[in-house]
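J.: File model31.cif follows (mmCIF, C-alpha atoms):
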```cif
data_coords
loop_
_atom_site.label_atom_id
_atom_site.label_comp_id
_atom_site.auth_asym_id
_atom_site.auth_seq_id
_atom_site.Cartn_x
_atom_site.Cartn_y
_atom_site.Cartn_z
CA MET A 257 0.00 0.00 0.00
CA ASN A 258 1.12 3.52 -0.57
CA GLN A 259 2.39 4.83 2.73
CA VAL A 260 3.29 8.26 1.38
CA ILE A 261 0.28 10.51 1.84
CA GLY A 262 -0.29 14.18 1.28
CA SER A 263 2.78 16.35 1.00
CA GLN A 264 4.57 15.80 4.32
CA SER A 265 3.21 12.65 5.93
CA ILE A 266 3.62 8.91 6.10
CA SER A 267 0.81 6.56 7.11
CA PHE A 268 2.53 3.32 8.06
CA GLY A 269 1.18 0.17 6.40
CA VAL A 270 2.41 -1.93 9.29
CA SER A 271 2.69 0.32 12.33
CA PRO A 272 5.86 0.27 14.38
CA TYR A 273 5.18 -0.05 18.10
CA LEU A 274 6.32 2.23 20.89
CA ILE A 275 7.46 -0.60 23.12
CA SER A 276 8.81 1.15 26.19
CA SER A 277 10.14 4.46 27.46
CA GLY A 278 12.43 5.83 30.12
CA SER A 279 12.22 9.21 31.84
CA VAL A 280 14.90 10.78 34.02
CA VAL A 281 14.50 14.23 35.59
CA GLY A 282 16.21 16.62 37.99
CA SER A 283 15.22 18.25 41.26
CA LYS A 284 12.80 20.94 40.09
CA GLU A 285 10.82 18.50 37.95
CA SER A 286 10.66 16.10 40.88
CA GLU A 287 8.86 18.85 42.83
CA GLY A 288 6.33 19.52 40.11
CA PRO A 289 2.85 18.18 39.32
CA LEU A 290 4.20 15.08 37.51
CA ALA A 291 6.71 14.20 40.22
CA LYS A 292 5.50 10.69 40.96
CA LEU A 293 5.25 9.66 37.31
CA PHE A 294 8.90 9.83 36.29
CA ASP A 295 11.02 6.69 36.30
CA MET A 296 13.92 8.42 37.98
CA ALA A 297 14.16 11.79 39.67
CA SER A 298 17.44 12.97 41.10
CA GLN A 299 17.84 15.55 43.85
CA ASP A 300 21.42 15.98 42.69
CA ASP A 301 21.23 17.86 39.41
CA LEU A 302 24.83 16.94 38.74
CA PHE A 303 23.86 13.24 38.58
CA GLY A 304 27.20 12.36 40.14
CA ALA A 305 29.22 14.24 37.51
CA LYS A 306 31.49 17.29 37.72
CA THR A 307 29.85 19.42 35.02
CA TRP A 308 26.28 20.07 33.87
CA GLU A 309 27.16 18.72 30.42
CA GLU A 310 28.37 15.44 31.86
CA ALA A 311 25.25 15.31 34.03
CA GLU A 312 23.10 15.62 30.94
CA SER A 313 25.03 12.80 29.27
CA ASN A 314 24.48 10.64 32.34
CA MET A 315 20.76 11.34 32.17
CA GLN A 316 20.59 10.21 28.54
CA LYS A 317 22.40 6.99 29.31
CA GLU A 318 20.08 6.32 32.27
CA ALA A 319 16.96 7.01 30.22
CA CYS A 320 18.11 4.60 27.49
CA ILE A 321 18.98 1.90 30.03
CA LEU A 322 15.58 2.31 31.68
CA ALA A 323 13.73 2.03 28.37
CA LEU A 324 15.74 -1.03 27.37
CA GLY A 325 15.39 -2.59 30.81
CA LYS A 326 11.62 -2.30 30.86
CA ALA A 327 11.45 -4.17 27.56
CA HIS A 328 14.17 -6.66 28.56
CA ILE A 329 16.10 -5.80 25.41
CA PRO A 330 19.90 -5.53 25.58
CA PRO A 331 21.60 -2.64 23.73
CA GLU A 332 23.09 -5.11 21.22
CA LYS A 333 19.63 -5.79 19.80
CA VAL A 334 18.99 -2.14 18.98
CA ARG A 335 19.79 -1.48 15.32
CA TYR A 336 20.07 2.30 15.31
CA LEU A 337 19.83 5.09 17.85
CA PHE A 338 18.49 8.55 16.97
CA GLY A 339 19.41 11.20 19.51
CA GLY A 340 19.99 14.89 19.99
CA ASP A 341 20.19 17.74 22.48
CA LEU A 342 20.53 21.50 22.71
CA LEU A 343 24.27 21.77 23.21
CA ARG A 344 26.79 22.81 20.62
CA GLN A 345 27.89 19.88 18.46
CA GLY A 346 25.44 17.63 20.33
CA ILE A 347 27.92 16.61 23.01
CA ALA A 348 25.38 15.55 25.59
CA THR A 349 24.11 12.86 23.23
CA SER A 350 27.45 11.70 21.84
CA MET A 351 29.10 11.35 25.22
CA GLY A 352 25.97 10.03 26.88
CA ILE A 353 25.12 7.09 24.65
CA GLU A 354 28.70 6.22 23.78
CA ALA A 355 28.73 3.40 26.31
CA LEU A 356 25.74 1.71 24.66
CA GLN A 357 27.74 1.14 21.45
CA ILE A 358 24.66 1.39 19.23
CA PRO A 359 25.12 2.82 15.71
CA MET A 360 23.72 6.30 16.03
CA PHE A 361 22.46 9.33 14.18
CA GLY A 362 23.06 12.65 15.93
CA LEU A 363 20.17 15.06 15.40
CA PHE A 364 19.40 18.69 15.94
CA GLY A 365 15.78 19.76 16.13
CA ALA A 366 16.01 21.96 19.19
CA CYS A 367 12.97 21.25 21.35
CA SER A 368 11.34 19.21 18.56
CA THR A 369 14.11 16.59 18.72
CA SER A 370 11.92 14.02 20.49
CA GLY A 371 9.47 14.19 17.58
CA GLU A 372 12.27 14.07 15.02
CA ALA A 373 13.95 11.08 16.69
CA LEU A 374 10.66 9.17 17.09
CA ALA A 375 9.73 9.86 13.46
CA LEU A 376 13.05 8.62 12.13
CA GLY A 377 13.04 5.57 14.38
CA ALA A 378 9.50 4.68 13.33
CA MET A 379 10.32 5.21 9.66
CA CYS A 380 13.34 2.91 9.95
CA VAL A 381 11.31 0.14 11.58
CA ALA A 382 8.47 0.49 9.07
CA ALA A 383 10.95 0.30 6.20
CA GLY A 384 12.29 -2.97 7.56
CA TYR A 385 15.71 -1.69 8.52
CA GLY A 386 15.64 -3.15 12.00
CA ASP A 387 13.49 -4.63 14.74
CA TYR A 388 14.43 -2.19 17.48
CA MET A 389 15.32 1.49 17.35
CA LEU A 390 16.03 3.89 20.20
CA ALA A 391 15.00 7.52 20.15
CA VAL A 392 16.48 9.69 22.89
CA THR A 393 16.80 13.36 23.74
CA SER A 394 17.66 15.51 26.73
CA SER A 395 18.07 19.00 28.10
CA HIS A 396 19.57 20.35 31.32
CA PHE A 397 18.92 23.72 32.95
CA GLY A 398 22.59 24.26 33.87
CA SER A 399 24.02 23.37 30.47
CA ALA A 400 21.29 25.22 28.56
CA GLU A 401 21.76 28.42 30.55
CA LYS A 402 25.49 28.27 29.83
CA GLU A 403 24.80 27.58 26.16
CA PHE A 404 22.15 30.22 25.49
CA ARG A 405 22.13 32.74 28.32
CA PHE A 406 24.68 33.01 31.13
CA PRO A 407 26.51 30.37 33.22
CA LEU A 408 24.79 29.74 36.55
CA GLY A 409 27.83 31.05 38.42
CA TYR A 410 27.14 34.50 36.94
CA ALA A 411 23.88 34.58 38.97
CA SER A 412 22.02 36.74 36.47
CA GLN A 413 18.34 37.55 36.82
CA ARG A 414 15.99 35.86 34.39
CA PRO A 415 13.16 37.86 32.77
CA LEU A 416 9.58 36.83 33.46
CA SER A 417 9.02 35.85 29.85
CA ALA A 418 11.83 33.29 29.91
CA HIS A 419 11.11 29.58 29.79
CA TRP A 420 12.63 27.21 32.34
CA THR A 421 14.73 24.59 30.57
CA VAL A 422 13.69 21.20 31.86
CA THR A 423 16.42 19.03 33.32
CA GLY A 424 15.34 15.73 31.89
CA SER A 425 15.93 12.99 29.37
CA GLY A 426 13.39 10.77 27.63
CA ALA A 427 14.23 7.59 25.71
CA PHE A 428 11.83 5.53 23.59
CA LEU A 429 12.22 1.99 22.25
CA VAL A 430 10.44 1.68 18.90
CA GLY A 431 10.16 -1.63 17.10
CA THR A 432 8.25 -4.50 15.57
CA GLU A 433 7.49 -6.12 18.93
CA LYS A 434 3.82 -5.64 19.76
CA SER A 435 2.82 -3.29 22.55
CA HIS A 436 -0.26 -1.26 23.43
CA ILE A 437 0.92 1.86 21.66
CA ARG A 438 1.53 2.04 17.95
CA ILE A 439 2.94 4.83 15.84
CA SER A 440 0.46 4.90 12.98
CA GLY A 441 1.89 7.85 11.12
CA VAL A 442 4.12 10.90 11.10
CA THR A 443 3.98 14.39 9.61
CA ILE A 444 7.42 15.88 9.13
CA GLY A 445 7.47 19.63 9.61
CA LYS A 446 9.08 22.29 7.49
CA ILE A 447 10.64 25.47 8.78
CA VAL A 448 8.17 28.27 9.51
CA ASP A 449 9.50 31.73 10.18
CA TYR A 450 7.24 34.68 10.89
CA GLY A 451 10.25 36.94 11.26
CA LEU A 452 10.13 37.14 15.06
CA LYS A 453 13.44 38.02 16.68
CA ASP A 454 12.56 37.85 20.34
CA SER A 455 14.44 34.89 21.77
CA GLN A 456 12.84 35.66 25.14
CA ASN A 457 9.47 34.79 23.64
CA MET A 458 10.05 31.29 22.32
CA GLY A 459 6.38 30.40 22.32
CA ALA A 460 5.52 33.09 19.81
CA CYS A 461 8.40 32.04 17.56
CA MET A 462 7.37 28.38 17.51
CA ALA A 463 3.57 28.56 17.49
CA PRO A 464 3.34 29.21 13.71
CA ALA A 465 5.35 26.04 13.06
CA ALA A 466 3.02 24.02 15.27
CA VAL A 467 0.01 25.40 13.41
CA ASP A 468 1.58 24.58 10.07
CA THR A 469 2.37 20.95 10.94
CA ILE A 470 -0.93 20.32 12.74
CA MET A 471 -2.98 21.65 9.83
CA GLN A 472 -0.82 19.69 7.37
CA ASN A 473 -1.39 16.56 9.43
CA PHE A 474 -5.16 17.11 9.28
CA LYS A 475 -4.95 17.65 5.52
CA ASP A 476 -2.65 14.72 4.72
CA PHE A 477 -4.59 12.24 6.85
CA GLY A 478 -8.03 13.68 6.06
CA ARG A 479 -8.68 14.33 9.75
CA LYS A 480 -10.18 17.03 11.98
CA ALA A 481 -9.19 18.15 15.46
CA GLU A 482 -11.93 15.97 16.98
CA ASP A 483 -10.27 12.84 15.56
CA TYR A 484 -7.58 13.23 18.21
CA ASP A 485 -8.18 12.80 21.92
CA ARG A 486 -5.25 15.08 22.60
CA ILE A 487 -2.96 17.33 20.58
CA VAL A 488 0.23 17.64 22.60
CA THR A 489 2.73 20.42 21.93
CA GLY A 490 6.16 20.61 23.54
CA ASP A 491 6.86 23.98 25.03
CA LEU A 492 4.71 26.71 23.59
CA GLY A 493 3.99 27.95 27.09
CA TYR A 494 1.21 30.24 28.16
CA VAL A 495 1.93 32.93 25.57
CA GLY A 496 2.52 30.46 22.75
CA GLN A 497 -0.69 28.59 23.49
CA ASP A 498 -2.79 31.73 23.00
CA ILE A 499 -1.08 32.38 19.69
CA LEU A 500 -1.56 28.74 18.67
CA PHE A 501 -5.31 28.88 19.32
CA ASP A 502 -5.63 32.20 17.50
CA LEU A 503 -3.74 31.12 14.40
CA ILE A 504 -5.52 27.76 14.17
CA LYS A 505 -8.89 29.45 14.58
CA LYS A 506 -8.06 31.64 11.59
CA LYS A 507 -7.42 28.46 9.60
CA GLY A 508 -10.84 27.18 10.53
CA SER A 509 -10.07 24.75 13.33
CA ASP A 510 -10.50 24.80 17.10
CA ILE A 511 -8.19 22.70 19.24
CA ARG A 512 -8.85 24.30 22.61
CA THR A 513 -10.56 21.30 24.16
CA MET A 514 -7.93 18.76 23.22
CA HIS A 515 -4.73 20.79 23.48
CA LEU A 516 -2.08 19.96 26.04
CA ASP A 517 1.29 21.69 26.32
CA CYS A 518 4.14 19.80 28.02
CA GLY A 519 5.80 23.00 29.19
CA MET A 520 2.63 24.07 30.98
CA THR A 521 2.09 20.62 32.47
CA ILE A 522 5.48 19.77 33.87
CA PHE A 523 5.77 22.74 36.24
CA ASP A 524 3.33 24.50 38.55
CA GLN A 525 3.72 28.10 37.44
CA LYS A 526 2.31 29.49 40.67
CA THR A 527 4.48 27.67 43.16
CA GLN A 528 7.64 26.95 41.21
CA ASP A 529 8.44 30.39 39.79
CA THR A 530 8.99 28.96 36.32
CA HIS A 531 7.89 32.09 34.45
CA ALA A 532 6.62 31.14 30.99
CA GLY A 533 6.76 27.36 31.54
CA GLY A 534 9.08 24.47 30.89
CA SER A 535 11.10 24.10 27.69
CA GLY A 536 13.98 22.16 26.19
CA CYS A 537 14.21 18.85 24.37
CA GLY A 538 13.70 17.02 27.62
CA CYS A 539 10.42 18.78 28.36
CA ALA A 540 8.37 17.11 25.65
CA ALA A 541 10.28 13.84 25.96
CA VAL A 542 9.79 13.22 29.69
CA THR A 543 6.19 14.47 29.68
CA LEU A 544 5.40 12.14 26.79
CA ALA A 545 7.09 9.22 28.53
CA ALA A 546 5.73 9.76 32.02
CA TYR A 547 2.33 11.38 31.51
CA VAL A 548 1.01 10.86 27.96
CA LEU A 549 2.09 7.30 27.09
CA PRO A 550 0.53 5.66 30.19
CA LYS A 551 -2.82 7.21 29.27
CA ILE A 552 -2.59 5.89 25.72
CA LYS A 553 -1.51 2.48 27.02
CA LYS A 554 -4.55 2.29 29.30
CA GLY A 555 -6.82 3.33 26.47
CA GLU A 556 -7.89 6.55 28.18
CA TRP A 557 -6.70 8.40 25.09
CA LYS A 558 -7.12 6.41 21.90
CA ARG A 559 -5.39 8.66 19.40
CA VAL A 560 -2.92 11.40 20.26
CA LEU A 561 -1.02 13.80 18.06
CA PHE A 562 2.38 14.48 19.64
CA VAL A 563 3.79 17.59 18.02
CA PRO A 564 6.83 19.10 19.79
CA THR A 565 8.17 22.37 18.39
CA GLY A 566 11.69 23.66 18.07
CA ALA A 567 13.25 27.11 17.70
CA LEU A 568 16.09 26.65 15.24
CA MET A 569 18.29 29.55 16.23
CA SER A 570 21.81 29.64 17.63
CA THR A 571 23.49 32.11 19.95
CA VAL A 572 25.38 33.39 16.92
CA SER A 573 22.31 33.84 14.73
CA PHE A 574 20.54 35.64 17.54
CA ASN A 575 23.43 37.98 18.22
CA GLU A 576 23.68 38.75 14.54
CA GLY A 577 20.08 39.92 14.52
CA ALA A 578 18.52 37.03 12.60
CA SER A 579 14.96 35.94 13.25
CA VAL A 580 14.02 32.73 15.04
CA PRO A 581 12.69 30.03 12.66
CA GLY A 582 10.46 27.32 14.09
CA ILE A 583 9.76 23.70 13.23
CA ALA A 584 7.36 21.05 14.48
CA HIS A 585 7.19 17.31 13.85
CA ALA A 586 3.99 15.35 14.45
CA ILE A 587 3.76 11.74 15.58
CA VAL A 588 0.40 9.95 15.55
CA LEU A 589 0.19 7.62 18.55
CA GLU A 590 -2.67 5.15 18.86
CA HIS A 591 -3.87 2.75 21.49
CA CYS A 592 -4.03 -0.83 20.32
CA MET B 294 24.17 59.83 58.53
CA ASP B 295 26.70 59.22 55.74
CA TYR B 296 25.87 55.53 55.88
CA LEU B 297 22.17 56.20 55.68
CA LYS B 298 22.55 58.49 52.66
CA ALA B 299 24.82 56.00 50.87
CA PHE B 300 22.41 53.16 51.56
CA LEU B 301 19.33 55.05 50.41
CA ILE B 302 20.85 56.59 47.28
CA GLY B 303 22.52 53.35 46.21
CA GLY B 304 19.28 51.51 46.89
CA ILE B 305 17.25 53.94 44.81
CA ILE B 306 19.60 53.55 41.85
CA CYS B 307 19.30 49.75 42.11
CA ALA B 308 15.53 49.94 42.44
CA VAL B 309 15.22 52.05 39.30
CA VAL B 310 17.39 49.58 37.40
CA GLN B 311 15.28 46.67 38.67
CA ILE B 312 12.19 48.39 37.28
CA PHE B 313 13.95 48.55 33.91
CA MET B 314 14.75 44.83 34.21
CA ASP B 315 11.19 43.85 35.07
CA ARG B 316 9.18 46.20 32.90
CA THR B 317 11.19 46.51 29.70
CA LYS B 318 12.55 43.99 27.25
CA LEU B 319 16.06 45.34 27.69
CA MET B 320 18.65 42.65 28.27
CA PRO B 321 20.72 42.94 31.47
CA GLY B 322 23.89 43.58 29.46
CA ARG B 323 22.30 46.53 27.66
CA ILE B 324 21.05 48.01 30.92
CA MET B 325 24.56 47.88 32.39
CA VAL B 326 26.01 49.58 29.33
CA LEU B 327 23.30 52.25 29.59
CA LEU B 328 24.23 52.86 33.21
CA VAL B 329 27.91 53.35 32.40
CA CYS B 330 27.13 55.71 29.51
CA VAL B 331 24.67 57.75 31.57
CA GLY B 332 27.25 58.02 34.34
CA ALA B 333 29.87 59.27 31.90
CA VAL B 334 27.44 61.82 30.43
CA LEU B 335 26.41 63.02 33.91
CA GLY B 336 30.08 63.36 34.76
CA PHE B 337 30.66 65.44 31.64
CA CYS B 338 27.72 67.65 32.62
CA LYS B 339 29.42 68.22 35.98
CA ILE B 340 26.39 66.74 37.78
CA TYR B 341 27.90 63.51 39.06
CA GLU B 342 30.83 64.82 41.13
CA PRO B 343 28.61 66.86 43.44
CA PHE B 344 26.34 63.80 43.62
CA VAL B 345 29.24 61.65 44.80
CA LYS B 346 30.16 64.22 47.42
CA PHE B 347 26.60 64.09 48.69
CA ALA B 348 25.92 60.38 48.63
CA GLY B 349 29.39 58.87 49.00
CA SER B 350 29.50 55.16 48.18
CA GLY B 351 25.83 55.22 47.26
CA ALA B 352 26.84 57.12 44.14
CA SER B 353 30.30 55.76 43.50
CA VAL B 354 29.69 52.01 43.88
CA PRO B 355 26.85 51.49 41.37
CA LEU B 356 27.74 51.33 37.68
CA LEU B 357 26.65 54.95 37.23
CA GLY B 358 29.66 55.85 39.33
CA PHE B 359 31.85 53.68 37.16
CA GLY B 360 30.83 55.72 34.13
CA ASN B 361 31.76 58.85 36.02
CA VAL B 362 35.15 57.41 36.98
CA LEU B 363 35.82 56.58 33.33
CA TRP B 364 34.94 60.13 32.33
CA LYS B 365 37.11 61.67 35.04
CA GLY B 366 40.07 59.49 34.13
CA VAL B 367 39.89 60.32 30.45
CA LYS B 368 39.44 64.04 31.17
CA GLU B 369 42.50 64.20 33.44
CA ALA B 370 44.63 62.26 30.98
CA VAL B 371 43.59 64.50 28.07
CA ASP B 372 44.35 67.60 30.15
CA LYS B 373 47.80 66.19 30.87
CA ASN B 374 48.74 64.39 27.66
CA GLY B 375 46.58 65.89 24.95
CA PHE B 376 45.05 63.59 22.32
CA LEU B 377 46.75 60.44 23.62
CA GLY B 378 44.94 60.96 26.89
CA ILE B 379 41.80 59.55 25.31
CA PHE B 380 43.46 56.14 25.25
CA MET B 381 45.41 56.45 28.48
CA GLY B 382 42.90 57.69 30.99
CA GLY B 383 39.99 55.30 31.11
CA LEU B 384 41.52 52.00 32.15
CA GLU B 385 43.99 53.65 34.52
CA ALA B 386 41.24 55.38 36.49
CA SER B 387 39.02 52.33 36.67
CA ALA B 388 41.83 49.88 37.36
CA ILE B 389 40.98 49.49 41.03
CA GLY B 390 37.32 48.73 40.38
CA ILE B 391 38.00 46.30 37.56
CA SER B 392 40.81 44.49 39.37
CA ALA B 393 38.77 44.17 42.53
CA ALA B 394 35.89 42.64 40.61
CA LEU B 395 38.18 40.17 38.87
CA ILE B 396 40.16 39.20 41.95
CA PHE B 397 37.22 38.82 44.30
CA GLY B 398 35.26 36.92 41.66
CA TYR B 399 38.17 34.57 41.15
CA LEU B 400 38.65 34.03 44.87
CA ALA B 401 34.95 33.37 45.26
CA SER B 402 35.16 30.68 42.59
CA PHE B 403 37.58 28.79 44.85
CA ILE B 404 35.30 28.90 47.84
CA PHE B 405 31.89 28.47 46.23
CA GLU B 406 30.43 26.00 43.74
CA PRO B 407 27.71 27.04 41.30
CA ARG B 408 24.45 25.40 42.19
CA MET B 409 21.19 24.84 40.35
CA LYS B 410 18.80 27.77 40.40
CA LYS B 411 15.75 27.04 42.51
#
```
Re-express the file's structure as structure tokens.

T.:
Amino acid sequence: MNQVIGSQSISFGVSPYLISSGSVVGSKESEGPLAKLFDMASQDDLFGAKTWEEAESNMQKEACILALGKAHIPPEKVRYLFGGDLLRQGIATSMGIEALQIPMFGLFGACSTSGEALALGAMCVAAGYGDYMLAVTSSHFGSAEKEFRFPLGYASQRPLSAHWTVTGSGAFLVGTEKSHIRISGVTIGKIVDYGLKDSQNMGACMAPAAVDTIMQNFKDFGRKAEDYDRIVTGDLGYVGQDILFDLIKKKGSDIRTMHLDCGMTIFDQKTQDTHAGGSGCGCAAVTLAAYVLPKIKKGEWKRVLFVPTGALMSTVSFNEGASVPGIAHAIVLEHC
Amino acid sequence: MDYLKAFLIGGIICAVVQIFMDRTKLMPGRIMVLLVCVGAVLGFCKIYEPFVKFAGSGASVPLLGFGNVLWKGVKEAVDKNGFLGIFMGGLEASAIGISAALIFGYLASFIFEPRMKK
């Protein structure tokens, strides 16, 4: 059957399964609303390492081991690993999963990396290139602040519009082995840039990309918003969500009743002083693993559109006055 | 009384800056540069020296005072050495402030470890 549908999507003839997942988070996440759902929550944000970067690598390794352990699959059986993070040259991923010795593809999708990695893993399984694939991503508050803003030792004040980078890593085992969650299709996003330059307002920069991919998903699959029990974005935050609803309404759809944003779910804005909400690759990944997948597994949500967004800028591009382009990848997850 | 004046004036300057931080989209780095420039301009307008005499450390410690110190240093060097004074005066006058910041920061890095923000 023709799996290629519409202009950006794939509807898998034989769905790959999302077999297991692993979620590892730091101290702030372990004090939030989802605290009890994560597989591992550390009070030591250094995870036994000497630097934030090494800590993030440790988190990725732990998340992968947890995902593999739950499925009783050793690393040797995993054909390819797709992973990425926010740091320059993707060092958190490379150094983190090195020990697993799985052939890997290093990715950069900013905060949409979990969607990108899942899509590629699912595509590889569906194409018959392997029985097991791992998709992993992470972010860490300490390493992200050093990368994009100021090192923690500088003790700078953060503006109220800033997002709080989630310290967390999510790993997903995708394969041919049957489970209660299948990946029935993907919609790969293209870059959407409305010319916004405000890196303090990530939600506004990324919302147009989310709208574009969601609407394309509806078009390619011939679906409406009501066909999904939930539409889950990564880290649009409170400001981005408003813009998302507005823009989608203009395109003739209304997703207010089924929308869920990971960044708004993972932290309690009132008690945790997290300003605009959680963000980072780890935000969508751990929320998917700990909060969304169990509900799909139980059958509480039968069909979910997981569409994390990314802001594809760098510190250099921002300093040179370029705008912030956004991207969003959509994964269709179904209970089976 | 001197202490009270210094405390109040310094505090007011910091409070005004905090309002800039909270209410505008200005990045912290830009605000600091603004402070230094304003201090230099106020020094040129002969407003800042009398202000320092009045408020003591409250006026000289904040970055506004640093701008004034830069201005004073350049002015004295130009008076003494002509055109070359533009290059000579600034760093020389602010050497104490800059060195202190570097040295104390470095010492602090031996004693303290950066921790996660809460």

J.: I'd like the neighbourhood of region 287-298 of chain A as a PyMOL selection string, where a residue qualifies if any of its atoms comes within 10 Å (using all atoms listed in the file), though same-chain residues fewer than 5 positions away should be ignored.

T.: chain A and resi 277-282+303-304+315+318-319+322-323+423-426+521-525+527-528+542-543+545-547+550

J.: Looking at only C-alpha atoms, which of B:Leu395, B:Met409, B:Leu363, B:Val345 is the one that sits closest to chain A?

T.: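 Using only C-alpha atoms, chain A sits closest to B:Met409.
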
J.: Please write as a PyMOL selection string the full residue list that the PyMOL selection byres ((chain A) within 12 of (chain B)) yields on this file.

T.: chain A and resi 282-285+287+299-302+306-308+396-402+405-418+420-423+454-457+527-530

J.: Applying the PyMOL selection byres ((chain B and resi 349) around 12) to the file I just gave you, which residues come out? Please list them as number ranges by chain.

T.: B: 294-303, 341-348, 350-355, 358

J.: How many Å separate CA of Leu492 (chain A) from CA of Met462 (chain A)?

T.: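 Those two atoms sit 6.8 Å apart.
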
J.: Could you state which residues are captured by the PyMOL selection byres ((chain B and resi 384-394) around 12) in this file, as number ranges by chain?

T.: B: 329, 353-356, 358-370, 378-383, 395-401

J.: Go through A:Ile261, A:Val381, A:Cys320, A:Leu589 and flag the residue nearest Ala355 (chain A), using only C-alpha atoms for the distances.

T.: A:Cys320

J.: When you get a chance, write out N, CA and C atoms for region 490-509 of chain A, as a PDB file, in the frame of the given file.

T.:
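Once everything was written out, this is selection_15.pdb:
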```
ATOM      1  N   GLY A 490       5.025  20.760  22.629  1.00  0.00           N
ATOM      2  CA  GLY A 490       6.160  20.610  23.540  1.00  0.00           C
ATOM      3  C   GLY A 490       6.262  21.725  24.552  1.00  0.00           C
ATOM      4  N   ASP A 491       6.608  22.901  24.073  1.00  0.00           N
ATOM      5  CA  ASP A 491       6.860  23.980  25.030  1.00  0.00           C
ATOM      6  C   ASP A 491       6.431  25.325  24.461  1.00  0.00           C
ATOM      7  N   LEU A 492       5.164  25.407  24.056  1.00  0.00           N
ATOM      8  CA  LEU A 492       4.710  26.710  23.590  1.00  0.00           C
ATOM      9  C   LEU A 492       4.493  27.653  24.759  1.00  0.00           C
ATOM     10  N   GLY A 493       4.184  27.105  25.914  1.00  0.00           N
ATOM     11  CA  GLY A 493       3.990  27.950  27.090  1.00  0.00           C
ATOM     12  C   GLY A 493       2.683  28.714  27.025  1.00  0.00           C
ATOM     13  N   TYR A 494       2.483  29.548  28.041  1.00  0.00           N
ATOM     14  CA  TYR A 494       1.210  30.240  28.160  1.00  0.00           C
ATOM     15  C   TYR A 494       0.999  31.220  27.015  1.00  0.00           C
ATOM     16  N   VAL A 495       2.057  31.945  26.654  1.00  0.00           N
ATOM     17  CA  VAL A 495       1.930  32.930  25.570  1.00  0.00           C
ATOM     18  C   VAL A 495       1.750  32.214  24.239  1.00  0.00           C
ATOM     19  N   GLY A 496       2.573  31.189  24.007  1.00  0.00           N
ATOM     20  CA  GLY A 496       2.520  30.460  22.750  1.00  0.00           C
ATOM     21  C   GLY A 496       1.184  29.775  22.534  1.00  0.00           C
ATOM     22  N   GLN A 497       0.587  29.288  23.616  1.00  0.00           N
ATOM     23  CA  GLN A 497      -0.690  28.590  23.490  1.00  0.00           C
ATOM     24  C   GLN A 497      -1.770  29.524  22.945  1.00  0.00           C
ATOM     25  N   ASP A 498      -1.802  30.750  23.476  1.00  0.00           N
ATOM     26  CA  ASP A 498      -2.790  31.730  23.000  1.00  0.00           C
ATOM     27  C   ASP A 498      -2.623  31.962  21.508  1.00  0.00           C
ATOM     28  N   ILE A 499      -1.351  32.130  21.103  1.00  0.00           N
ATOM     29  CA  ILE A 499      -1.080  32.380  19.690  1.00  0.00           C
ATOM     30  C   ILE A 499      -1.475  31.165  18.850  1.00  0.00           C
ATOM     31  N   LEU A 500      -1.188  29.971  19.365  1.00  0.00           N
ATOM     32  CA  LEU A 500      -1.560  28.740  18.670  1.00  0.00           C
ATOM     33  C   LEU A 500      -3.070  28.697  18.409  1.00  0.00           C
ATOM     34  N   PHE A 501      -3.853  28.928  19.456  1.00  0.00           N
ATOM     35  CA  PHE A 501      -5.310  28.880  19.320  1.00  0.00           C
ATOM     36  C   PHE A 501      -5.806  29.891  18.307  1.00  0.00           C
ATOM     37  N   ASP A 502      -5.242  31.119  18.415  1.00  0.00           N
ATOM     38  CA  ASP A 502      -5.630  32.200  17.500  1.00  0.00           C
ATOM     39  C   ASP A 502      -5.385  31.839  16.047  1.00  0.00           C
ATOM     40  N   LEU A 503      -4.141  31.415  15.776  1.00  0.00           N
ATOM     41  CA  LEU A 503      -3.740  31.120  14.400  1.00  0.00           C
ATOM     42  C   LEU A 503      -4.542  29.960  13.839  1.00  0.00           C
ATOM     43  N   ILE A 504      -4.770  28.928  14.660  1.00  0.00           N
ATOM     44  CA  ILE A 504      -5.520  27.760  14.170  1.00  0.00           C
ATOM     45  C   ILE A 504      -6.975  28.141  13.925  1.00  0.00           C
ATOM     46  N   LYS A 505      -7.509  28.998  14.760  1.00  0.00           N
ATOM     47  CA  LYS A 505      -8.890  29.450  14.580  1.00  0.00           C
ATOM     48  C   LYS A 505      -9.034  30.140  13.226  1.00  0.00           C
ATOM     49  N   LYS A 506      -8.025  30.950  12.876  1.00  0.00           N
ATOM     50  CA  LYS A 506      -8.060  31.640  11.590  1.00  0.00           C
ATOM     51  C   LYS A 506      -8.052  30.651  10.435  1.00  0.00           C
ATOM     52  N   LYS A 507      -7.453  29.463  10.671  1.00  0.00           N
ATOM     53  CA  LYS A 507      -7.420  28.460   9.600  1.00  0.00           C
ATOM     54  C   LYS A 507      -8.644  27.562   9.652  1.00  0.00           C
ATOM     55  N   GLY A 508      -9.572  27.873  10.523  1.00  0.00           N
ATOM     56  CA  GLY A 508     -10.840  27.180  10.530  1.00  0.00           C
ATOM     57  C   GLY A 508     -10.938  25.969  11.441  1.00  0.00           C
ATOM     58  N   SER A 509     -10.024  25.894  12.426  1.00  0.00           N
ATOM     59  CA  SER A 509     -10.070  24.750  13.330  1.00  0.00           C
ATOM     60  C   SER A 509     -10.046  25.247  14.769  1.00  0.00           C
TER      61      SER A 509
END
```
